[in-house]
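Asker: Supplied in structure tokens, the structure appears directly below.
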Amino acid sequence: MIAWTIYITFAGAVVLLFMPRLLGRWIALMTTVAGFGISLAAFFFNNVDLAIFKTIVRVPWVPMLGMEYHLAVDGISLTLALVTGLTAVSAVLFSWDVEHRQNEFFFWLLLVVGGSYGVFLSADLFLLFLFYELVIVPKYFLIAIWGSTNKEYGAMKLTLYSFFGGALVFIGILAIYVTAGSLDLQQLAQFQFPPQLQSWAFPVLFIGFGVLAGIWPLHTWAPTGHVAAPTAGSMLLAGIVMKLGAYGGLRVAMNLFPQGFQMWSKWIAVLAVIGIVYAAAAALRQRDLKFVIGYSSVSHMGFVLLGLATANALGVSGAVLQMFSHGVIAALLFAVAGRMLYRRTHTRELDALSGMNLSRALPFAAFTFVIASAASMGIPGFSGFAAEITILIGAWKTFPMAVWITGVGMVLVAAFTLRALKKSFFGEVLIQQGRVQVDSDWNEQQEISVAEKWGAGLLMFATLAVGLDPKLLLDRIMPAVEAMRFLK
């Protein structure tokens, strides 16, 4: 059943090209709701053993090269398919008022979503790579056409970095195919690759995937891309696309090359900790709210990489939980900054926003940003706390020094989040006339729309539900992690 998330999403994208403009947003919404509904049903009512990467579809594709249309699912795939559907629905709701080339906008958006579903469900290495690369093209058009600040530069930088990472991944896949003669991830997980191959192929593959996960120092595309992207583009980039890289590093590089992973895991931890602290410090210096959230995403993805580097079930499970949590929280933060604020004030400058008394003018936006900020800082009761504490406990077993250094990053996260919250909504009101430039049609745009409230409510409910009951996800994630080869 979960395979239908791919088919319905791509079908919805094709239908959009032939439908009247007035129906575009409704088709996009119905398509994403259908995908989310299927992923939700599969998550809660799937009867398969979630510890096994179990085949759900297998059809010959290019038999001469051993390529198959092969989909499989386990607890990790189900969790990431769920956050994909959740973020996609919210992204459509926050794009409800898109007027410029509306059908085309939602066409590219659905291609990103469909490609992401494909990556998380692929059990054939070439099929996974095909879906992985498919996501790059729509990302470029979403930013280059509907973006804002330096949109051409942001779109091209993101695309070039993505293709660079993709080239490294392709080299790794070629090495795997030449050595093992197979592209089947289930078979490859049992194949014993030579240690000499693993020693160089693992870092090539992991760094290739890590580019999209925002690994330091190849992270610079992320803040630029987030700022340039339209609101839905930022939500998809942070909520889904950055998870593709982390998932690829886990499913392919770590699981197929366990010895290579053991050789390089300390260096992954070092890069992760540098990313957490550096990006948090950079966020503290930003004046553009979207840049703050962009660097925040890099910092929080550092926790994912640290969890993966721990090489124990708790740390890696925490990393997958953080993928879900950060997807929801980052999407919510970008929704507030890009849609609720920027579309009404036409500025994201913190100094300008601080004089607008927005906590009274936009109370729902202020409430949403407070919730998102609390979740981002890791306040107990939200998914961010559950994910980060799981990672840190796992990291303490393997890299105790990394936990101490990461504590500095967590303090910086709290500092820049509180700074952004205060300046955005609770700054001192400027009395002088003309001191702050407010959008000329402020009065017509002031009310938060029903679509925005539904989109924000969906994401807030998700972070609260997982924060209050993290076992809901961990009971499905942990069996799949414990079955992976690098833990044995």
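Convention: chains lettered A, B, ... in structure tokens order; per-chain residue numbering from 1; ligands numbered from 1 as shown.
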Taking the DSSP assignment computed from this structure's backbone, write out as a PyMOL selection string all residues of range 61-102 of chain A that belong to alpha helix (DSSP H).
Answerer: chain A and resi 75-93+102
Asker: For the selection just defined, write its residues with C-alpha atoms to a file, as a JSON list (two decimals), in the first residue's frame.
Answerer:
```json
[["chain", "number", "residue", "atom", "x", "y", "z"],
["A", 75, "GLY", "CA", 10.47, 1.05, 10.42],
["A", 76, "ILE", "CA", 12.97, 3.67, 9.20],
["A", 77, "SER", "CA", 11.35, 3.98, 5.77],
["A", 78, "LEU", "CA", 7.87, 4.25, 7.26],
["A", 79, "THR", "CA", 8.95, 7.02, 9.65],
["A", 80, "LEU", "CA", 10.54, 9.10, 6.90],
["A", 81, "ALA", "CA", 7.64, 8.51, 4.50],
["A", 82, "LEU", "CA", 5.35, 9.81, 7.25],
["A", 83, "VAL", "CA", 7.29, 13.07, 7.73],
["A", 84, "THR", "CA", 7.37, 13.47, 3.93],
["A", 85, "GLY", "CA", 3.59, 13.31, 3.71],
["A", 86, "LEU", "CA", 3.13, 15.57, 6.72],
["A", 87, "THR", "CA", 5.48, 18.26, 5.40],
["A", 88, "ALA", "CA", 4.03, 18.05, 1.89],
["A", 89, "VAL", "CA", 0.47, 18.74, 3.06],
["A", 90, "SER", "CA", 1.62, 21.70, 5.16],
["A", 91, "ALA", "CA", 3.72, 23.08, 2.27],
["A", 92, "VAL", "CA", 0.67, 23.09, -0.02],
["A", 93, "LEU", "CA", -1.48, 24.80, 2.62],
["A", 102, "GLN", "CA", 0.23, 28.17, -10.04]]
```
Asker: Tell me which protein, DNA and RNA residues are within 12 Å of Lys453 in chain A, counting only C-alpha atoms, leaving out same-chain ones fewer than 2 positions away, and put them as JSON, numbers by chain.
Answerer: {"A": [90, 93, 94, 96, 332, 335, 336, 339, 340, 363, 364, 365, 367, 368, 447, 448, 449, 450, 451, 455, 456, 457, 458, 459, 460, 461]}
Asker: Nearest to Leu362 in chain A: which of A:Val113, A:Leu341, A:Val403, A:Ala269 is it, counting only C-alpha atoms?
Answerer: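 The shortest atom-to-atom distance to Leu362 in chain A comes from A:Leu341.
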Asker: Which range 29-135 of chain A residues have any atom within 8 Å of an atom of range 176-183 of chain A, and for each, what is the nearest pair of atoms with distance in Å to one decimal, counting only C-alpha atoms, rows sorted by chain and number, as CSV?
Answerer:
```
residue,atom,partner,partner_atom,distance
A:Gly66,CA,A:Ser182,CA,6.3
A:Met67,CA,A:Leu183,CA,6.6
A:Asp124,CA,A:Leu183,CA,5.5
A:Leu125,CA,A:Leu183,CA,5.0
A:Phe126,CA,A:Leu183,CA,6.6
```
Asker: As a list in words, list the residues of range 4-216 of chain A assigned to strand (DSSP E) by DSSP on the backbone atoms of this structure.
Answerer: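 Checking each residue of range 4-216 of chain A, the strand (DSSP E) ones are Lys54, Thr55, Ile56, Val57, Arg58, Val59, Pro60, Trp61, Val62, Met67, Glu68, Tyr69, His70, Leu71, Ala72 and Val73 of chain A.
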Asker: Closest to Pro20 in chain A among A:Glu104, A:His326, A:Ala311, A:Val304, using only C-alpha atoms?
Answerer: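 Closest candidate: A:Glu104.
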Asker: Excluding Ile276 in chain A and residues on its chain fewer than 4 positions from it, collect all residues at most 9 Å away from it, counting only C-alpha atoms, and give them as a list of chain:residue names.
Answerer: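 So the residues in contact are A:Trp216, A:Leu271, A:Ala272, A:Ala280, A:Ala281, A:Ser296, A:Val298, A:Ser299, A:His300, A:Met301, A:Gly302, A:Phe303, A:Thr406, A:Val408, A:Gly409, A:Met410, A:Val413.
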Asker: Output all heavy atoms for every residue in that selection, as a short mmCIF file (atom, residue, chain, number, x, y, z; two decimals), in the first residue's frame.
Answerer:
```cif
data_model
loop_
_atom_site.label_atom_id
_atom_site.label_comp_id
_atom_site.auth_asym_id
_atom_site.auth_seq_id
_atom_site.Cartn_x
_atom_site.Cartn_y
_atom_site.Cartn_z
N TRP A 216 29.25 19.69 7.53
CA TRP A 216 30.30 20.72 7.51
C TRP A 216 31.55 20.12 6.89
O TRP A 216 31.89 18.97 7.18
CB TRP A 216 30.58 21.18 8.94
CG TRP A 216 31.57 22.31 9.02
CD1 TRP A 216 31.29 23.64 9.00
CD2 TRP A 216 33.00 22.20 9.12
NE1 TRP A 216 32.45 24.36 9.09
CE2 TRP A 216 33.51 23.51 9.15
CE3 TRP A 216 33.88 21.13 9.17
CZ2 TRP A 216 34.88 23.77 9.24
CZ3 TRP A 216 35.24 21.37 9.24
CH2 TRP A 216 35.73 22.68 9.28
N LEU A 271 33.18 16.07 12.46
CA LEU A 271 32.50 16.99 11.53
C LEU A 271 31.11 17.36 12.05
O LEU A 271 30.68 18.51 11.89
CB LEU A 271 32.40 16.36 10.15
CG LEU A 271 33.72 16.10 9.41
CD1 LEU A 271 33.46 15.44 8.06
CD2 LEU A 271 34.50 17.40 9.21
N ALA A 272 30.44 16.39 12.66
CA ALA A 272 29.10 16.67 13.20
C ALA A 272 29.15 17.70 14.32
O ALA A 272 28.36 18.66 14.34
CB ALA A 272 28.48 15.37 13.71
N ALA A 280 25.48 27.04 14.80
CA ALA A 280 24.76 27.76 15.86
C ALA A 280 25.37 29.12 16.12
O ALA A 280 24.66 30.12 16.31
CB ALA A 280 24.76 26.92 17.14
N ALA A 281 26.71 29.20 16.10
CA ALA A 281 27.39 30.49 16.30
C ALA A 281 27.10 31.42 15.13
O ALA A 281 26.89 32.63 15.32
CB ALA A 281 28.90 30.26 16.44
N SER A 296 20.27 27.32 11.61
CA SER A 296 19.72 26.43 12.63
C SER A 296 19.52 25.02 12.08
O SER A 296 19.79 24.02 12.76
CB SER A 296 18.39 26.99 13.13
OG SER A 296 17.71 26.06 13.95
N VAL A 298 21.24 23.55 9.69
CA VAL A 298 22.55 22.90 9.59
C VAL A 298 22.99 22.39 10.96
O VAL A 298 23.51 21.27 11.10
CB VAL A 298 23.59 23.87 9.01
CG1 VAL A 298 24.98 23.24 9.01
CG2 VAL A 298 23.21 24.30 7.59
N SER A 299 22.78 23.21 11.99
CA SER A 299 23.17 22.82 13.35
C SER A 299 22.40 21.59 13.81
O SER A 299 22.97 20.64 14.36
CB SER A 299 22.94 23.98 14.31
OG SER A 299 23.34 23.65 15.62
N HIS A 300 21.09 21.58 13.56
CA HIS A 300 20.28 20.44 14.00
C HIS A 300 20.55 19.19 13.19
O HIS A 300 20.43 18.07 13.72
CB HIS A 300 18.79 20.81 13.95
CG HIS A 300 18.36 21.67 15.10
ND1 HIS A 300 18.31 23.04 15.02
CD2 HIS A 300 17.99 21.36 16.36
CE1 HIS A 300 17.91 23.54 16.18
NE2 HIS A 300 17.71 22.53 17.01
N MET A 301 20.91 19.34 11.91
CA MET A 301 21.30 18.17 11.13
C MET A 301 22.63 17.61 11.63
O MET A 301 22.93 16.43 11.45
CB MET A 301 21.39 18.53 9.65
CG MET A 301 20.05 18.69 8.95
SD MET A 301 18.98 17.23 9.05
CE MET A 301 19.93 16.06 8.09
N GLY A 302 23.44 18.45 12.27
CA GLY A 302 24.66 17.96 12.91
C GLY A 302 24.35 16.92 13.98
O GLY A 302 25.11 15.96 14.17
N PHE A 303 23.23 17.08 14.68
CA PHE A 303 22.81 16.08 15.67
C PHE A 303 22.50 14.75 14.99
O PHE A 303 22.79 13.68 15.54
CB PHE A 303 21.58 16.57 16.44
CG PHE A 303 21.91 17.52 17.56
CD1 PHE A 303 21.84 18.89 17.36
CD2 PHE A 303 22.29 17.04 18.80
CE1 PHE A 303 22.15 19.78 18.39
CE2 PHE A 303 22.61 17.92 19.84
CZ PHE A 303 22.53 19.29 19.62
N THR A 406 29.19 19.46 22.40
CA THR A 406 27.86 19.70 21.85
C THR A 406 27.02 20.57 22.78
O THR A 406 26.15 21.33 22.34
CB THR A 406 27.15 18.36 21.58
OG1 THR A 406 27.92 17.60 20.65
CG2 THR A 406 25.76 18.57 21.01
N VAL A 408 27.93 23.18 24.25
CA VAL A 408 28.15 24.58 23.85
C VAL A 408 27.21 24.94 22.71
O VAL A 408 26.59 26.01 22.70
CB VAL A 408 29.62 24.79 23.42
CG1 VAL A 408 29.83 26.21 22.92
CG2 VAL A 408 30.56 24.47 24.56
N GLY A 409 27.08 24.02 21.75
CA GLY A 409 26.18 24.26 20.63
C GLY A 409 24.74 24.40 21.08
O GLY A 409 23.99 25.24 20.57
N MET A 410 24.33 23.61 22.07
CA MET A 410 22.95 23.68 22.56
C MET A 410 22.67 25.01 23.25
O MET A 410 21.58 25.56 23.14
CB MET A 410 22.68 22.51 23.50
CG MET A 410 22.78 21.15 22.82
SD MET A 410 22.54 19.76 23.93
CE MET A 410 20.77 19.84 24.19
N VAL A 413 22.23 27.44 20.48
CA VAL A 413 20.91 27.25 19.86
C VAL A 413 19.85 28.00 20.65
O VAL A 413 19.01 28.72 20.09
CB VAL A 413 20.55 25.75 19.77
CG1 VAL A 413 19.07 25.57 19.41
CG2 VAL A 413 21.41 25.05 18.72
#
```
